[in-house]
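*Asks:* Right, I'll just put the structure down here and ask away after.
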Amino acid sequence: MAEWQPQAASPRTIRSLYHWVWNQFKGLWTASTSLFSAAAYGGIRQSTPVALPDIGAGWTTLTADSLSIATPRGVTQNLANNSLSFGYEGVWKVGVSFSISHDEAQGSRSTRIRVYNLTQATGGAETVIGVGRNTDATTFSAEILFEVSGPQVGNEFVVQLGGGETLSSVTENSFGFSLTMVGEFRG
């Protein structure tokens with residue numbers, strides 16, 4: 001059996017070696033960029049209780065008084081109108097949580113929650129929240145994936161309650177609204 005002799009695996013001149021190495025890294029970079037997406041995140045929250053108008057058939061925007069992330073990335077946090085804006089196309093995780101206190105009633109009631117696009121004046125899918133009888137507080141928390149395409153980038157979104165039966169003497173005890181990019185848009 002002959003002894004193994006190493007062979008040159010790359011071109012023999014320095015210039016062609018440079019181009020060969022560059023093409024190897026370029027191919028590796030192209031393959032790796034399809035596996036990862038840019039990091040983007042941001043959020044707003046309500047840190048102290050605040051009175052809200054009665055919640056009923058109309059829609060009430062939940063308010064925020066502070067930033068969840070001091071230095072967001074790829075998300076615009078706007079406390080002036082309680083909104084967040086997506087900075088990029090992609091698949092985003094939208095997180096919403098709140099706790100409100102309200103009047104107590106003998107019968108059960110329901111309200112709804114939605115993410116509303118202020119820029120386009122369109123409401124998203126609504127989720128029904130049941131309020132049990134003799135209950136004076138409602139707490140809700142959810143995360144959902146949301147696909148953002150070109151026309152939605154930069155639009156301002158808020159969280160609203162309403163579209164249900166009346167809840168009066170409402171106090172927003174806490175509220176959180178966050179966006180986290182989890183993947184690229186492949187629409």
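By order of appearance in the structure tokens: chains A, B, ..., then residues from 1 within every chain, and ligands from 1 in the order shown.
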When you look at Ser47 in chain A with a cut-off of 7 Å (counting only C-alpha atoms), what residues show up, excluding the ones that are within fewer than 6 positions of it in the same chain? I need them as a list in words.

*Replies:*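 The contact residues come out as Asp65, Ser66 and Ser174 of chain A.
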
*Asks:* Dump N, CA and C atoms for the selected residues as a short mmCIF file (atom, residue, chain, number, x, y, z; two decimals), in the first residue's frame?

*Replies:*
```cif
data_model
loop_
_atom_site.label_atom_id
_atom_site.label_comp_id
_atom_site.auth_asym_id
_atom_site.auth_seq_id
_atom_site.Cartn_x
_atom_site.Cartn_y
_atom_site.Cartn_z
N ASP A 65 -47.44 54.33 29.87
CA ASP A 65 -46.72 55.49 30.40
C ASP A 65 -45.21 55.30 30.44
N SER A 66 -44.72 54.13 30.04
CA SER A 66 -43.27 53.92 30.06
C SER A 66 -42.86 52.89 29.00
N SER A 174 -52.56 47.52 34.97
CA SER A 174 -51.29 47.26 34.31
C SER A 174 -51.55 46.88 32.85
#
```

*Asks:* Quick check for you: according to DSSP on this backbone, which residues of chain A are classed as strand (DSSP E or B)? Reply as number ranges by chain.

*Replies:* A: 41-46, 50-51, 55, 59-61, 66-67, 73, 75-78, 83-86, 90-101, 109-117, 122-123, 127-131, 137-148, 156-162, 167, 171-183

*Asks:* So that I can check the surroundings of range 108-110 of chain A, please list as JSON, numbers by chain every protein, DNA and RNA residue that reaches within 7 Å of it, counting only C-alpha atoms and ignoring chain neighbours fewer than 4 positions away.

*Replies:* {"A": [128, 129, 130, 131, 132, 133, 164, 165]}

*Asks:* Dump C-alpha atoms for the selected residues as a CSV table (one decimal), in the first residue's frame?

*Replies:*
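After the write, out.csv holds the following:
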```
chain,number,residue,atom,x,y,z
A,128,VAL,CA,-63.5,37.4,23.2
A,129,ILE,CA,-62.7,37.8,26.9
A,130,GLY,CA,-65.3,36.4,29.3
A,131,VAL,CA,-65.9,38.3,32.5
A,132,GLY,CA,-67.5,36.1,35.2
A,133,ARG,CA,-70.4,37.1,37.3
A,164,GLY,CA,-68.9,43.8,24.0
A,165,GLU,CA,-71.0,44.5,27.0
```

*Asks:* What residues in chain A get the DSSP label alpha helix (DSSP H)? Please answer as a list in words.

*Replies:* Ile14, Arg15, Ser16, Leu17, Tyr18, His19, Trp20, Val21, Trp22, Asn23, Gln24, Phe25, Lys26, Gly27, Leu28, Trp29, Thr30, Ala31, Ser32 and Thr33 of chain A

*Asks:* Got a sec: who's within 7 Å of Ile100 in chain A, counting only C-alpha atoms, leaving out chain neighbours fewer than 5 positions off, as a short mmCIF file (atom, residue, chain, number, x, y, z; two decimals) with C-alpha atoms, in the first residue's frame?

*Replies:*
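Generated file (part_17.cif):
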```cif
data_model
loop_
_atom_site.label_atom_id
_atom_site.label_comp_id
_atom_site.auth_asym_id
_atom_site.auth_seq_id
_atom_site.Cartn_x
_atom_site.Cartn_y
_atom_site.Cartn_z
CA ALA A 137 -61.31 42.45 37.80
CA THR A 138 -60.20 40.98 34.49
CA THR A 139 -56.70 39.82 33.61
CA VAL A 170 -62.74 50.92 34.70
CA THR A 171 -59.17 51.27 35.98
CA GLU A 172 -56.25 50.00 33.91
CA ASN A 173 -54.02 48.50 36.62
#
```
